[in-house]
There are 2 protein chains.
Amino acid sequence: MKNIDINIIGAGNVAWHLAHRLFICGYKINSIFSLHSENAERLAHEINASVLKNITDFQPAMVNILSIKDEVYNEIITQLPHCEQIFVHTSGSIDTNVLAGLSDNFGVFYPFQTFSKNKPIDFSQVPICIEASNEFTKTTLTTIANDISTKVYFLTLKQRSQLHLAGVFASNFTNALYGLAEEILMKENIDFDIIKPLIKETANKIELLRPYESQTGPAARKDWNIINKHIAMLDNDNKRNLYRFLTQIIQEQQKKHHSI
Amino acid sequence: MKNIDINIIGAGNVAWHLAHRLFICGYKINSIFSLHSENAERLAHEINASVLKNITDFQPAMVNILSIKDEVYNEIITQLPHCEQIFVHTSGSIDTNVLAGLSDNFGVFYPFQTFSKNKPIDFSQVPICIEASNEFTKTTLTTIANDISTKVYFLTLKQRSQLHLAGVFASNFTNALYGLAEEILMKENIDFDIIKPLIKETANKIELLRPYESQTGPAARKDWNIINKHIAMLDNDNKRNLYRFLTQIIQEQQKKHHSI
């Protein structure tokens with residue numbers, strides 16, 4: 001067991017995977033609090049922690065992790081005691097200063113990954129982005145981060161916010177496109193399995209090639225014959241506009257890089 | 001050596017990987033023709049084939065594969081002899097009938113993957129989509145497909161066209177989003193490596209969860225605070241519109257599935 005104990009406020013996707021990883025790596029998780037008490041109970045049960053029923057009963061651990069929705073920060077923070085222990089949040093876009101009223105020792109512990117409760121993940125490959133109010137906090141957070149992951153980064157607020165934004169494009173929006181592809185295949189009774197190797201290879205190409213270098217397909221080779229056929233095949237204006245829009249972006253990316 | 005010999009017309013990304021795979025699996029490739037003769041020479045050299053200088057000198061092999069741009073089909077096909085051998089193309093969207101004038105034995109041999117010459121690929125996992133004008137052609141193409149891949153599908157023209165369209169969303173457009181993410185990170189001097197685990201995990205999630213089930217991020221949880229902050233951070237109208245548009249699509253996908 002490590003000599004750092006931890007409280008977790010929140011029991012959503014990030015809190016869920018982070019708490020499990022900390023527990024597996026030998027950290028004692030004291031208490032879990034969530035506005036959704038059944039989530040807190042399930043999580044606490046799995047990692048041998050207590051459930052905190054009332055946030056007003058909160059007893060600070062050495063490190064206290066807030067992993068909650070942006071809009072409930074104020075509600076939660078105003079009910080926590082001022083203390084000397086470390087407070088961090090796990091958000092990609094919130095200023096650490098929201099925690100400054102709680103302790104002099106505060107920061108960010110942002111695992112940069114897409115987490116779903118029922119999808120296991122190799123946490124050792126999850127980048128942990130740290131920001132800290134002082135050296136003591138930085139050292140403690142770095143120790144924990146190095147214990148649970150092989151990828152530790154120190155980012156400013158501005159960098160972290162831009163990283164979060166980049167992640168929305170590379171993950172959430174990408175996944176929305178997978179959803180559109182699934183919809184097209186289902187209409188033709190084609191098994192989604194047929195497209196999985198393509199999705200994986202597209203992601204794997206980033207290890208060897210920059211995105212503009214690995215681009216293929218009708219947009220990149222300016223095959224207007226197919227582009228127009230595709231647009232005509234789509235079943236609503238939203239999809240047709242999205243197709244045109246992303247085709248234009250691909251062609252701009254190709255032009256920009258090939259003219260350098 | 002297999003008892004089926006093959007000619008390949010074209011030396012682009014698809015022809016390149018397909019020719020190498022056929023060669024490795026023991027097929028004799030007779031000749032390579034390309035309108036870009038240096039590509040044909042490079043490919044022919046690597047797989048021990050001859051280069052055909054003039055398409056008018058074309059001598060049919062048992063199977064003849066056309067892997068060329070849509071707009072040059074007419075130019076090439078009108079110069080080929082009528083014969084009894086098999087002619088196929090590798091296109092996701094062209095009707096097999098374009099080959100009907102060449103032989104009674106014609107079809108499609110469509111490897112559904114994103115190919116870049118300088119990115120090796122595990123071809124055994126590449127879905128091969130077959131269409132054939134008769135049983136003889138179907139049997140021959142199926143034999144070859146099963147030799148070079150473990151994933152063989154029989155699709156109609158309509159299914160193949162829709163599959164191609166789905167592939168543009170799931171691969172080309174997805175890759176364009178990786179490019180936008182890269183651009184955002186480069187501006188902040190953040191190494192693109194930091195986002196690679198996220199990209200890979202987003203793709204890996206499709207093995208366990210449907211896209212709408214694995215969706216995370218501000219759009220899915222309707223976090224307008226972050227959504228508006230992100231839109232304000234983007235540096236031009238095109239990106240802002242794309243962000244709004246894909247956010248709306250994610251919210252529609254969530255609504256559709258959660259109301260069923």
# chains A, B, ... in the order shown; residues from 1 in each chain; ligands from 1
call {"tool": "residues_around", "arguments": {"residues": "A:Ile77", "least_positions_apart": "3", "cutoff": "10 Å", "atoms": "only C-alpha atoms", "output": "PyMOL selection string"}}
result
chain A and resi 55+66+72-74+80-82+98-99+101-102
call {"tool": "select_by_dssp", "arguments": {"residues": "stretch 16-162 of chain B", "states": "alpha helix (DSSP H)", "output": "JSON, numbers by chain"}}
result
{"B": [16, 17, 18, 19, 20, 21, 22, 23, 24, 37, 38, 39, 40, 41, 42, 43, 44, 45, 46, 73, 74, 75, 76, 77, 135, 136, 137, 138, 139, 140, 141, 142, 143, 144, 145, 146, 147, 148, 157, 158, 159, 160, 161, 162]}
call {"tool": "write_last_selection", "arguments": {"atoms": "N, CA and C atoms", "output": "compact mmCIF listing (two decimals), in the first residue's frame"}}
result
# COMPACT_ATOMS: atom_id res chain seq x y z
N TRP B 16 -0.66 -1.33 -55.81
CA TRP B 16 0.63 -1.56 -55.15
C TRP B 16 0.52 -2.65 -54.07
N HIS B 17 -0.41 -2.45 -53.14
CA HIS B 17 -0.53 -3.40 -52.03
C HIS B 17 -1.13 -4.73 -52.49
N LEU B 18 -2.08 -4.67 -53.40
CA LEU B 18 -2.71 -5.89 -53.90
C LEU B 18 -1.69 -6.74 -54.68
N ALA B 19 -0.91 -6.09 -55.53
CA ALA B 19 0.10 -6.81 -56.32
C ALA B 19 1.13 -7.48 -55.41
N HIS B 20 1.59 -6.74 -54.41
CA HIS B 20 2.56 -7.32 -53.47
C HIS B 20 1.97 -8.53 -52.75
N ARG B 21 0.70 -8.40 -52.31
CA ARG B 21 0.07 -9.48 -51.57
C ARG B 21 -0.10 -10.72 -52.46
N LEU B 22 -0.55 -10.52 -53.69
CA LEU B 22 -0.72 -11.65 -54.62
C LEU B 22 0.63 -12.33 -54.86
N PHE B 23 1.66 -11.53 -55.05
CA PHE B 23 3.01 -12.06 -55.30
C PHE B 23 3.48 -12.89 -54.10
N ILE B 24 3.31 -12.33 -52.89
CA ILE B 24 3.74 -13.02 -51.66
C ILE B 24 2.97 -14.33 -51.49
N SER B 37 4.60 5.61 -65.98
CA SER B 37 5.45 4.45 -66.25
C SER B 37 6.50 4.21 -65.16
N GLU B 38 6.93 5.29 -64.47
CA GLU B 38 7.93 5.06 -63.41
C GLU B 38 7.33 4.26 -62.24
N ASN B 39 6.02 4.50 -61.96
CA ASN B 39 5.35 3.70 -60.92
C ASN B 39 5.27 2.23 -61.33
N ALA B 40 4.92 2.00 -62.59
CA ALA B 40 4.82 0.63 -63.10
C ALA B 40 6.18 -0.06 -63.00
N GLU B 41 7.23 0.67 -63.34
CA GLU B 41 8.58 0.07 -63.30
C GLU B 41 9.00 -0.30 -61.88
N ARG B 42 8.70 0.58 -60.94
CA ARG B 42 9.06 0.31 -59.53
C ARG B 42 8.31 -0.91 -59.02
N LEU B 43 7.00 -0.94 -59.29
CA LEU B 43 6.19 -2.05 -58.81
C LEU B 43 6.60 -3.36 -59.47
N ALA B 44 6.76 -3.34 -60.79
CA ALA B 44 7.12 -4.55 -61.55
C ALA B 44 8.44 -5.12 -61.04
N HIS B 45 9.37 -4.24 -60.78
CA HIS B 45 10.68 -4.65 -60.29
C HIS B 45 10.56 -5.42 -58.96
N GLU B 46 9.70 -4.91 -58.07
CA GLU B 46 9.58 -5.52 -56.73
C GLU B 46 8.89 -6.87 -56.74
N TYR B 73 -11.01 5.04 -67.14
CA TYR B 73 -11.55 3.72 -67.53
C TYR B 73 -11.80 3.62 -69.03
N ASN B 74 -12.51 4.62 -69.55
CA ASN B 74 -12.85 4.56 -70.98
C ASN B 74 -11.62 4.52 -71.85
N GLU B 75 -10.68 5.38 -71.54
CA GLU B 75 -9.43 5.46 -72.30
C GLU B 75 -8.72 4.10 -72.34
N ILE B 76 -8.67 3.43 -71.17
CA ILE B 76 -7.96 2.15 -71.09
C ILE B 76 -8.77 1.03 -71.74
N ILE B 77 -10.04 0.94 -71.37
CA ILE B 77 -10.85 -0.21 -71.79
C ILE B 77 -10.98 -0.31 -73.31
N GLU B 135 -20.78 -17.97 -62.45
CA GLU B 135 -20.23 -18.86 -61.42
C GLU B 135 -18.73 -19.11 -61.59
N PHE B 136 -18.30 -19.28 -62.85
CA PHE B 136 -16.87 -19.53 -63.10
C PHE B 136 -16.02 -18.38 -62.56
N THR B 137 -16.47 -17.16 -62.88
CA THR B 137 -15.72 -15.98 -62.41
C THR B 137 -15.77 -15.89 -60.89
N LYS B 138 -16.95 -16.15 -60.33
CA LYS B 138 -17.11 -16.07 -58.88
C LYS B 138 -16.18 -17.05 -58.17
N THR B 139 -16.14 -18.28 -58.69
CA THR B 139 -15.29 -19.30 -58.07
C THR B 139 -13.81 -18.91 -58.13
N THR B 140 -13.40 -18.42 -59.28
CA THR B 140 -11.98 -18.03 -59.43
C THR B 140 -11.63 -16.87 -58.49
N LEU B 141 -12.49 -15.86 -58.47
CA LEU B 141 -12.21 -14.69 -57.62
C LEU B 141 -12.24 -15.06 -56.13
N THR B 142 -13.16 -15.96 -55.78
CA THR B 142 -13.25 -16.38 -54.38
C THR B 142 -12.00 -17.15 -53.96
N THR B 143 -11.50 -17.98 -54.85
CA THR B 143 -10.26 -18.72 -54.56
C THR B 143 -9.12 -17.75 -54.28
N ILE B 144 -8.98 -16.77 -55.14
CA ILE B 144 -7.90 -15.79 -54.95
C ILE B 144 -8.11 -15.01 -53.65
N ALA B 145 -9.34 -14.54 -53.43
CA ALA B 145 -9.64 -13.73 -52.24
C ALA B 145 -9.33 -14.51 -50.96
N ASN B 146 -9.75 -15.79 -50.93
CA ASN B 146 -9.48 -16.61 -49.74
C ASN B 146 -7.99 -16.88 -49.54
N ASP B 147 -7.24 -16.87 -50.63
CA ASP B 147 -5.78 -17.05 -50.50
C ASP B 147 -5.11 -15.85 -49.87
N ILE B 148 -5.63 -14.65 -50.15
CA ILE B 148 -4.90 -13.46 -49.71
C ILE B 148 -5.52 -12.79 -48.49
N LEU B 157 -23.85 -4.17 -56.37
CA LEU B 157 -23.34 -2.84 -56.70
C LEU B 157 -23.84 -1.81 -55.70
N LYS B 158 -25.13 -1.89 -55.35
CA LYS B 158 -25.69 -0.90 -54.42
C LYS B 158 -25.01 -0.99 -53.06
N GLN B 159 -24.84 -2.22 -52.58
CA GLN B 159 -24.18 -2.40 -51.28
C GLN B 159 -22.74 -1.89 -51.32
N ARG B 160 -22.04 -2.23 -52.40
CA ARG B 160 -20.64 -1.81 -52.51
C ARG B 160 -20.52 -0.29 -52.54
N SER B 161 -21.43 0.37 -53.27
CA SER B 161 -21.39 1.84 -53.35
C SER B 161 -21.64 2.46 -51.98
N GLN B 162 -22.60 1.88 -51.24
CA GLN B 162 -22.90 2.41 -49.90
C GLN B 162 -21.74 2.13 -48.94
call {"tool": "interface_residues", "arguments": {"of": "chain A", "to": "chain B", "cutoff": "7 Å", "atoms": "only C-alpha atoms", "output": "VMD selection string"}}
result
chain A and resid 113 to 114 116 119 125 to 127 159 162 to 163 165 to 179 181 184 to 185 188 194 197 to 200 202 to 204 208 211 to 212 214 to 217 230 246 250
call {"tool": "residues_around", "arguments": {"residues": "B:Ile9", "least_positions_apart": "6", "cutoff": "10 Å", "atoms": "only C-alpha atoms", "output": "number ranges by chain"}}
result
B: 15, 31-35, 40, 52, 55, 58, 64-68, 76, 89
call {"tool": "write_last_selection", "arguments": {"atoms": "C-alpha atoms", "output": "CSV table (one decimal), in the first residue's frame"}}
result
chain,number,residue,atom,x,y,z
B,15,ALA,CA,-2.6,-1.8,-57.1
B,31,SER,CA,2.7,-7.6,-66.4
B,32,ILE,CA,2.1,-4.2,-64.9
B,33,PHE,CA,0.8,-1.2,-66.9
B,34,SER,CA,0.4,2.3,-65.6
B,35,LEU,CA,-0.1,5.6,-67.3
B,40,ALA,CA,4.8,0.6,-63.1
B,52,LEU,CA,4.0,-3.2,-70.3
B,55,ILE,CA,-1.5,-0.8,-73.5
B,58,PHE,CA,-1.6,-6.1,-73.7
B,64,ASN,CA,-6.7,-9.1,-65.3
B,65,ILE,CA,-7.1,-6.5,-62.6
B,66,LEU,CA,-7.8,-2.9,-63.4
B,67,SER,CA,-7.0,-0.6,-60.5
B,68,ILE,CA,-7.2,2.9,-62.1
B,76,ILE,CA,-8.0,2.1,-71.1
B,89,HIS,CA,-11.8,-3.7,-61.3
call {"tool": "closest_residue", "arguments": {"among": "A:Asn228, A:Ser133, A:Met1, A:Phe123", "to": "A:Ser149", "atoms": "only C-alpha atoms"}}
result
A:Phe123
call {"tool": "residues_around", "arguments": {"residues": "B:Ile4", "least_positions_apart": "5", "cutoff": "8 Å", "atoms": "only C-alpha atoms", "output": "number ranges by chain"}}
result
B: 27-28, 62-63
call {"tool": "write_last_selection", "arguments": {"atoms": "N, CA and C atoms", "output": "PDB file, in the first residue's frame"}}
result
ATOM      1  N   TYR B  27       1.173 -15.993 -56.402  1.00  0.00           N
ATOM      2  CA  TYR B  27       0.629 -15.776 -57.748  1.00  0.00           C
ATOM      3  C   TYR B  27       1.697 -15.187 -58.663  1.00  0.00           C
ATOM      4  N   LYS B  28       1.681 -15.647 -59.914  1.00  0.00           N
ATOM      5  CA  LYS B  28       2.601 -15.091 -60.917  1.00  0.00           C
ATOM      6  C   LYS B  28       1.949 -13.837 -61.510  1.00  0.00           C
ATOM      7  N   MET B  62      -4.908 -15.050 -67.048  1.00  0.00           N
ATOM      8  CA  MET B  62      -6.159 -15.691 -66.648  1.00  0.00           C
ATOM      9  C   MET B  62      -7.066 -14.704 -65.897  1.00  0.00           C
ATOM     10  N   VAL B  63      -6.426 -13.856 -65.067  1.00  0.00           N
ATOM     11  CA  VAL B  63      -7.181 -12.796 -64.376  1.00  0.00           C
ATOM     12  C   VAL B  63      -6.479 -11.458 -64.622  1.00  0.00           C
TER      13      VAL B  63
END
call {"tool": "select_by_dssp", "arguments": {"residues": "stretch 27-213 of chain A", "states": "strand (DSSP E)", "output": "JSON, numbers by chain"}}
result
{"A": [28, 29, 30, 31, 32, 33, 50, 51, 63, 64, 65, 66, 86, 87, 88, 89, 106, 107, 108, 109, 110, 111, 128, 129, 130, 131, 132, 152, 153, 154]}
call {"tool": "write_last_selection", "arguments": {"atoms": "N, CA and C atoms", "output": "short mmCIF file (atom, residue, chain, number, x, y, z; two decimals), in the first residue's frame"}}
result
data_model
loop_
_atom_site.label_atom_id
_atom_site.label_comp_id
_atom_site.auth_asym_id
_atom_site.auth_seq_id
_atom_site.Cartn_x
_atom_site.Cartn_y
_atom_site.Cartn_z
N LYS A 28 -4.64 3.67 -1.36
CA LYS A 28 -5.83 3.52 -0.51
C LYS A 28 -6.81 4.63 -0.87
N ILE A 29 -7.99 4.23 -1.37
CA ILE A 29 -9.03 5.21 -1.64
C ILE A 29 -9.93 5.27 -0.41
N ASN A 30 -9.93 6.40 0.27
CA ASN A 30 -10.74 6.51 1.49
C ASN A 30 -12.23 6.56 1.18
N SER A 31 -12.64 7.61 0.49
CA SER A 31 -14.08 7.77 0.28
C SER A 31 -14.40 8.20 -1.14
N ILE A 32 -15.61 7.83 -1.55
CA ILE A 32 -16.17 8.24 -2.84
C ILE A 32 -17.43 9.04 -2.54
N PHE A 33 -17.54 10.20 -3.18
CA PHE A 33 -18.80 10.93 -3.11
C PHE A 33 -19.29 11.17 -4.53
N SER A 50 -15.07 3.78 1.25
CA SER A 50 -16.36 4.14 1.88
C SER A 50 -17.14 5.05 0.94
N VAL A 51 -18.45 5.04 1.14
CA VAL A 51 -19.28 6.00 0.42
C VAL A 51 -19.56 7.17 1.35
N VAL A 63 -4.53 13.42 -0.87
CA VAL A 63 -4.88 13.95 -2.20
C VAL A 63 -6.38 13.78 -2.43
N ASN A 64 -7.03 14.84 -2.88
CA ASN A 64 -8.47 14.83 -3.09
C ASN A 64 -8.77 15.18 -4.55
N ILE A 65 -9.40 14.23 -5.24
CA ILE A 65 -9.60 14.39 -6.69
C ILE A 65 -11.06 14.69 -6.99
N LEU A 66 -11.29 15.83 -7.63
CA LEU A 66 -12.65 16.17 -8.07
C LEU A 66 -12.80 15.81 -9.54
N ILE A 86 -3.91 18.30 -0.64
CA ILE A 86 -3.92 18.63 -2.07
C ILE A 86 -5.31 18.41 -2.67
N PHE A 87 -5.77 19.40 -3.43
CA PHE A 87 -7.00 19.25 -4.22
C PHE A 87 -6.66 19.37 -5.71
N VAL A 88 -7.16 18.41 -6.48
CA VAL A 88 -6.99 18.51 -7.94
C VAL A 88 -8.32 18.24 -8.62
N HIS A 89 -8.45 18.72 -9.86
CA HIS A 89 -9.58 18.29 -10.68
C HIS A 89 -9.04 17.57 -11.92
N PHE A 106 -2.88 22.89 -4.82
CA PHE A 106 -3.94 22.49 -5.75
C PHE A 106 -3.37 22.34 -7.16
N GLY A 107 -4.13 21.69 -7.99
CA GLY A 107 -3.63 21.50 -9.35
C GLY A 107 -4.60 20.72 -10.21
N VAL A 108 -4.04 20.17 -11.30
CA VAL A 108 -4.83 19.40 -12.27
C VAL A 108 -4.20 18.03 -12.43
N PHE A 109 -5.05 17.04 -12.58
CA PHE A 109 -4.60 15.68 -12.84
C PHE A 109 -5.56 15.17 -13.92
N TYR A 110 -5.18 15.44 -15.19
CA TYR A 110 -6.10 15.27 -16.32
C TYR A 110 -5.70 14.05 -17.16
N PRO A 111 -6.43 12.93 -17.02
CA PRO A 111 -6.12 11.77 -17.86
C PRO A 111 -6.75 11.99 -19.24
N ILE A 128 -1.16 11.46 -18.69
CA ILE A 128 -1.66 12.23 -17.54
C ILE A 128 -1.08 13.63 -17.64
N CYS A 129 -1.94 14.63 -17.69
CA CYS A 129 -1.49 16.02 -17.80
C CYS A 129 -1.60 16.70 -16.45
N ILE A 130 -0.45 17.20 -15.99
CA ILE A 130 -0.36 17.76 -14.64
C ILE A 130 -0.16 19.27 -14.68
N GLU A 131 -0.78 19.94 -13.73
CA GLU A 131 -0.50 21.35 -13.45
C GLU A 131 -0.54 21.45 -11.93
N ALA A 132 0.32 22.26 -11.33
CA ALA A 132 0.37 22.30 -9.86
C ALA A 132 0.67 23.70 -9.36
N VAL A 152 3.55 11.01 -18.81
CA VAL A 152 3.22 12.13 -17.93
C VAL A 152 3.66 13.44 -18.59
N TYR A 153 2.76 14.41 -18.63
CA TYR A 153 3.02 15.70 -19.29
C TYR A 153 2.73 16.85 -18.33
N PHE A 154 3.49 17.94 -18.48
CA PHE A 154 3.20 19.16 -17.71
C PHE A 154 2.72 20.22 -18.68
#
call {"tool": "atom_distance", "arguments": {"atom1": "atom CA of B:Pro60", "atom2": "atom CA of B:Gln85"}}
result
6.7 Å
call {"tool": "atom_distance", "arguments": {"atom1": "atom CA of B:Ser124", "atom2": "atom CA of B:Ala61"}}
result
24.2 Å
